[in-house]
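One structure is given here, and the rest of the page talks about it.
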Amino acid sequence: MTPEKLCELAIEAMSHAYVPYSGYKVGAALLCADGTVYQGCNIENAAYGPTNCAERTAFFKAVYDGYRDFTAIAVCGGKDGVITGPFPPCGVCRQVMREFCDDDFVIYMVDAGGKYESHTLSEILPHSFSAKKHMA
């Protein structure tokens with residue numbers, strides 16, 4: 001799976017977003033170690049707290065199906081589905097990534113025009129806490 005293809009799948013996932021309040025669509029495509037890909041979108045709620053991010057939607061779908069080994073995720077977002085810049089995952093999503101992924105897990109942040117930035121989990125979540133690191 002190329003980074004470009006994973007980014008395309010994240011862009012496609014944006015079309016499934018349920019965003020009646022913000023209009024801000026987010027898509028994600030999570031790559032499992034065996035090559036399986038799980039897509040996710042954000043799902044808003046009028047109470048806001050129960051809203052779920054695209055990244056977590058993808059992770060939770062994969063975990064439900066028994067996957068625990070992940071290599072990369074592509075993420076994109078924009079008002080009305082128009083990508084205007086690289087889209088970094090929120091702090092809660094970064095912590096969910098930490099729960100299941102090692103420092104070298106790659107996050108592709110999709111930019112306008114199909115370009116992307118590439119960062120490792122350790123770059124976007126330095127000095128993080130996880131059971132793997134601290135309870136072994």
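Letters for chains follow the order of the structure tokens (A, B, ...), residue numbers begin at 1 for each chain, and ligand numbers begin at 1 in the order shown.
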
*Residue contacts of Ala46 of chain A (9 Å, only C-alpha atoms) excluding same-chain residues fewer than 4 positions away, as JSON, numbers by chain*: {"A": [20, 21, 50, 51]}

*Please run DSSP on the backbone and report, as an MDAnalysis selection string, all residues within chain A that come out as strand (DSSP E or B).*
chainID A and resid 18 24:32 37:41 43 52 70:79 106:110 116:120

Write the residues of the selection above to a file with N, CA and C atoms, as an mmCIF file, in the first residue's frame.
```cif
data_model
loop_
_atom_site.group_PDB
_atom_site.id
_atom_site.type_symbol
_atom_site.label_atom_id
_atom_site.label_comp_id
_atom_site.auth_asym_id
_atom_site.auth_seq_id
_atom_site.Cartn_x
_atom_site.Cartn_y
_atom_site.Cartn_z
ATOM 1 N N TYR A 18 -20.662 12.315 9.110
ATOM 2 C CA TYR A 18 -21.946 12.843 9.581
ATOM 3 C C TYR A 18 -21.625 14.101 10.384
ATOM 4 N N TYR A 24 -17.594 20.166 9.145
ATOM 5 C CA TYR A 24 -16.179 19.850 8.973
ATOM 6 C C TYR A 24 -16.026 18.341 8.819
ATOM 7 N N LYS A 25 -15.777 17.900 7.598
ATOM 8 C CA LYS A 25 -15.661 16.471 7.310
ATOM 9 C C LYS A 25 -14.229 15.997 7.505
ATOM 10 N N VAL A 26 -14.095 14.818 8.127
ATOM 11 C CA VAL A 26 -12.784 14.218 8.353
ATOM 12 C C VAL A 26 -12.839 12.766 7.896
ATOM 13 N N GLY A 27 -11.756 12.338 7.242
ATOM 14 C CA GLY A 27 -11.637 10.957 6.807
ATOM 15 C C GLY A 27 -10.311 10.381 7.251
ATOM 16 N N ALA A 28 -10.293 9.071 7.465
ATOM 17 C CA ALA A 28 -9.072 8.379 7.857
ATOM 18 C C ALA A 28 -9.022 7.021 7.187
ATOM 19 N N ALA A 29 -7.799 6.562 6.928
ATOM 20 C CA ALA A 29 -7.576 5.215 6.407
ATOM 21 C C ALA A 29 -6.422 4.614 7.199
ATOM 22 N N LEU A 30 -6.717 3.543 7.928
ATOM 23 C CA LEU A 30 -5.772 2.886 8.831
ATOM 24 C C LEU A 30 -5.223 1.630 8.174
ATOM 25 N N LEU A 31 -3.902 1.542 8.087
ATOM 26 C CA LEU A 31 -3.240 0.393 7.468
ATOM 27 C C LEU A 31 -2.794 -0.598 8.541
ATOM 28 N N CYS A 32 -3.298 -1.810 8.439
ATOM 29 C CA CYS A 32 -2.882 -2.895 9.336
ATOM 30 C C CYS A 32 -1.608 -3.529 8.784
ATOM 31 N N VAL A 37 -6.983 -2.499 5.211
ATOM 32 C CA VAL A 37 -7.218 -1.076 5.478
ATOM 33 C C VAL A 37 -8.620 -0.889 6.045
ATOM 34 N N TYR A 38 -8.694 -0.102 7.103
ATOM 35 C CA TYR A 38 -9.974 0.288 7.684
ATOM 36 C C TYR A 38 -10.153 1.786 7.506
ATOM 37 N N GLN A 39 -11.302 2.176 6.945
ATOM 38 C CA GLN A 39 -11.610 3.587 6.787
ATOM 39 C C GLN A 39 -12.505 4.046 7.927
ATOM 40 N N GLY A 40 -12.424 5.332 8.229
ATOM 41 C CA GLY A 40 -13.277 5.913 9.255
ATOM 42 C C GLY A 40 -13.616 7.347 8.898
ATOM 43 N N CYS A 41 -14.716 7.818 9.444
ATOM 44 C CA CYS A 41 -15.125 9.205 9.272
ATOM 45 C C CYS A 41 -15.537 9.752 10.633
ATOM 46 N N ILE A 43 -18.154 11.410 13.227
ATOM 47 C CA ILE A 43 -19.591 11.282 13.451
ATOM 48 C C ILE A 43 -19.953 12.221 14.594
ATOM 49 N N ASN A 52 -17.420 11.320 17.614
ATOM 50 C CA ASN A 52 -16.273 10.432 17.430
ATOM 51 C C ASN A 52 -15.474 10.859 16.202
ATOM 52 N N PHE A 70 -0.672 -2.278 13.656
ATOM 53 C CA PHE A 70 -0.911 -1.233 12.663
ATOM 54 C C PHE A 70 0.394 -0.563 12.255
ATOM 55 N N THR A 71 0.465 -0.114 11.002
ATOM 56 C CA THR A 71 1.698 0.507 10.512
ATOM 57 C C THR A 71 1.548 1.978 10.161
ATOM 58 N N ALA A 72 0.347 2.403 9.722
ATOM 59 C CA ALA A 72 0.194 3.792 9.284
ATOM 60 C C ALA A 72 -1.279 4.182 9.246
ATOM 61 N N ILE A 73 -1.499 5.500 9.246
ATOM 62 C CA ILE A 73 -2.841 6.041 9.055
ATOM 63 C C ILE A 73 -2.717 7.313 8.225
ATOM 64 N N ALA A 74 -3.673 7.516 7.338
ATOM 65 C CA ALA A 74 -3.778 8.768 6.588
ATOM 66 C C ALA A 74 -5.006 9.498 7.104
ATOM 67 N N VAL A 75 -4.880 10.804 7.279
ATOM 68 C CA VAL A 75 -5.960 11.613 7.835
ATOM 69 C C VAL A 75 -6.118 12.883 7.001
ATOM 70 N N CYS A 76 -7.368 13.256 6.741
ATOM 71 C CA CYS A 76 -7.634 14.507 6.031
ATOM 72 C C CYS A 76 -8.927 15.111 6.543
ATOM 73 N N GLY A 77 -9.061 16.405 6.373
ATOM 74 C CA GLY A 77 -10.276 17.064 6.810
ATOM 75 C C GLY A 77 -10.412 18.439 6.202
ATOM 76 N N GLY A 78 -11.649 18.923 6.217
ATOM 77 C CA GLY A 78 -11.895 20.262 5.725
ATOM 78 C C GLY A 78 -13.364 20.621 5.770
ATOM 79 N N LYS A 79 -13.628 21.897 5.881
ATOM 80 C CA LYS A 79 -14.995 22.418 5.890
ATOM 81 C C LYS A 79 -15.686 22.031 4.592
ATOM 82 N N VAL A 106 3.318 5.536 11.400
ATOM 83 C CA VAL A 106 3.367 6.710 10.527
ATOM 84 C C VAL A 106 1.989 7.340 10.366
ATOM 85 N N ILE A 107 1.951 8.661 10.468
ATOM 86 C CA ILE A 107 0.727 9.430 10.249
ATOM 87 C C ILE A 107 0.946 10.295 9.023
ATOM 88 N N TYR A 108 0.109 10.078 7.992
ATOM 89 C CA TYR A 108 0.138 10.897 6.790
ATOM 90 C C TYR A 108 -0.965 11.945 6.928
ATOM 91 N N MET A 109 -0.581 13.202 6.938
ATOM 92 C CA MET A 109 -1.532 14.300 7.042
ATOM 93 C C MET A 109 -1.724 14.886 5.653
ATOM 94 N N VAL A 110 -2.899 14.635 5.090
ATOM 95 C CA VAL A 110 -3.187 15.013 3.712
ATOM 96 C C VAL A 110 -3.364 16.520 3.594
ATOM 97 N N TYR A 116 0.978 15.397 1.011
ATOM 98 C CA TYR A 116 0.840 14.983 2.403
ATOM 99 C C TYR A 116 2.140 15.217 3.155
ATOM 100 N N GLU A 117 1.997 15.363 4.449
ATOM 101 C CA GLU A 117 3.135 15.385 5.360
ATOM 102 C C GLU A 117 3.187 14.027 6.047
ATOM 103 N N SER A 118 4.369 13.570 6.368
ATOM 104 C CA SER A 118 4.550 12.288 7.027
ATOM 105 C C SER A 118 5.257 12.517 8.359
ATOM 106 N N HIS A 119 4.671 11.971 9.432
ATOM 107 C CA HIS A 119 5.251 12.089 10.769
ATOM 108 C C HIS A 119 5.106 10.758 11.487
ATOM 109 N N THR A 120 6.010 10.487 12.404
ATOM 110 C CA THR A 120 5.864 9.293 13.236
ATOM 111 C C THR A 120 5.052 9.656 14.478
#
```

*alpha helix (DSSP H) residues, from DSSP on the backbone, in segment 23-69 of chain A, as a ChimeraX atom specification*: /A:54-64

Write a file of the selected residues as a PDB file, in the first residue's frame, keeping C-alpha atoms.
```pdb
ATOM      1  CA  ALA A  54     -12.455   9.596  11.986  1.00  0.00           C
ATOM      2  CA  GLU A  55      -9.214   8.153  13.326  1.00  0.00           C
ATOM      3  CA  ARG A  56     -10.902   6.524  16.301  1.00  0.00           C
ATOM      4  CA  THR A  57     -13.706   5.212  14.090  1.00  0.00           C
ATOM      5  CA  ALA A  58     -11.111   3.429  11.934  1.00  0.00           C
ATOM      6  CA  PHE A  59      -9.201   2.083  14.951  1.00  0.00           C
ATOM      7  CA  PHE A  60     -12.318   0.865  16.735  1.00  0.00           C
ATOM      8  CA  LYS A  61     -13.580  -0.931  13.626  1.00  0.00           C
ATOM      9  CA  ALA A  62     -10.216  -2.674  13.234  1.00  0.00           C
ATOM     10  CA  VAL A  63      -9.926  -3.607  16.905  1.00  0.00           C
ATOM     11  CA  TYR A  64     -13.463  -5.030  16.842  1.00  0.00           C
TER      12      TYR A  64
END
```

_Residues within 12 Å of Ser130 of chain A, please, as a list of chain:residue names. Count only C-alpha atoms; anything in the same chain fewer than 4 positions from it doesn't count._
A:Arg94, A:Gln95, A:Val96, A:Met97, A:Arg98, A:Glu99, A:Phe100, A:Cys101, A:Asp102, A:Asp103, A:Ser122, A:Leu125, A:Pro126, A:His134, A:Met135, A:Ala136

_Rounded to one decimal, what separation in Å do you get between atom CA of Asn42 of chain A and atom CA of Ala112 of chain A?_
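Interatomic distance here is 19.1 Å.
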
*asked:* Measuring between only C-alpha atoms, which one of A:Gly49, A:Asp104, A:Gly113, A:Gly66 shows the shortest distance to Thr84 of chain A?
replied: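 When distances to Thr84 of chain A are compared using only C-alpha atoms, the smallest one comes from A:Gly113.
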
*Calculate how many Å separate atom CA of Leu121 of chain A from atom CA of Asp69 of chain A, rounding to one decimal.*
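Distance between the two atoms: 14.2 Å.
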
*If you measure from atom CA of Gly114 of chain A to atom CA of Gly81 of chain A, what distance in Å do you get, rounded to one decimal?*
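According to the coordinates, atom CA of Gly114 of chain A and atom CA of Gly81 of chain A are separated by 13.5 Å.
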
*Counting only C-alpha atoms, which of A:Val19, A:Met14, A:Ala131, A:Val92 gets nearest to Asn45 of chain A?*
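Among the listed residues, the smallest separation from Asn45 of chain A belongs to A:Val19.
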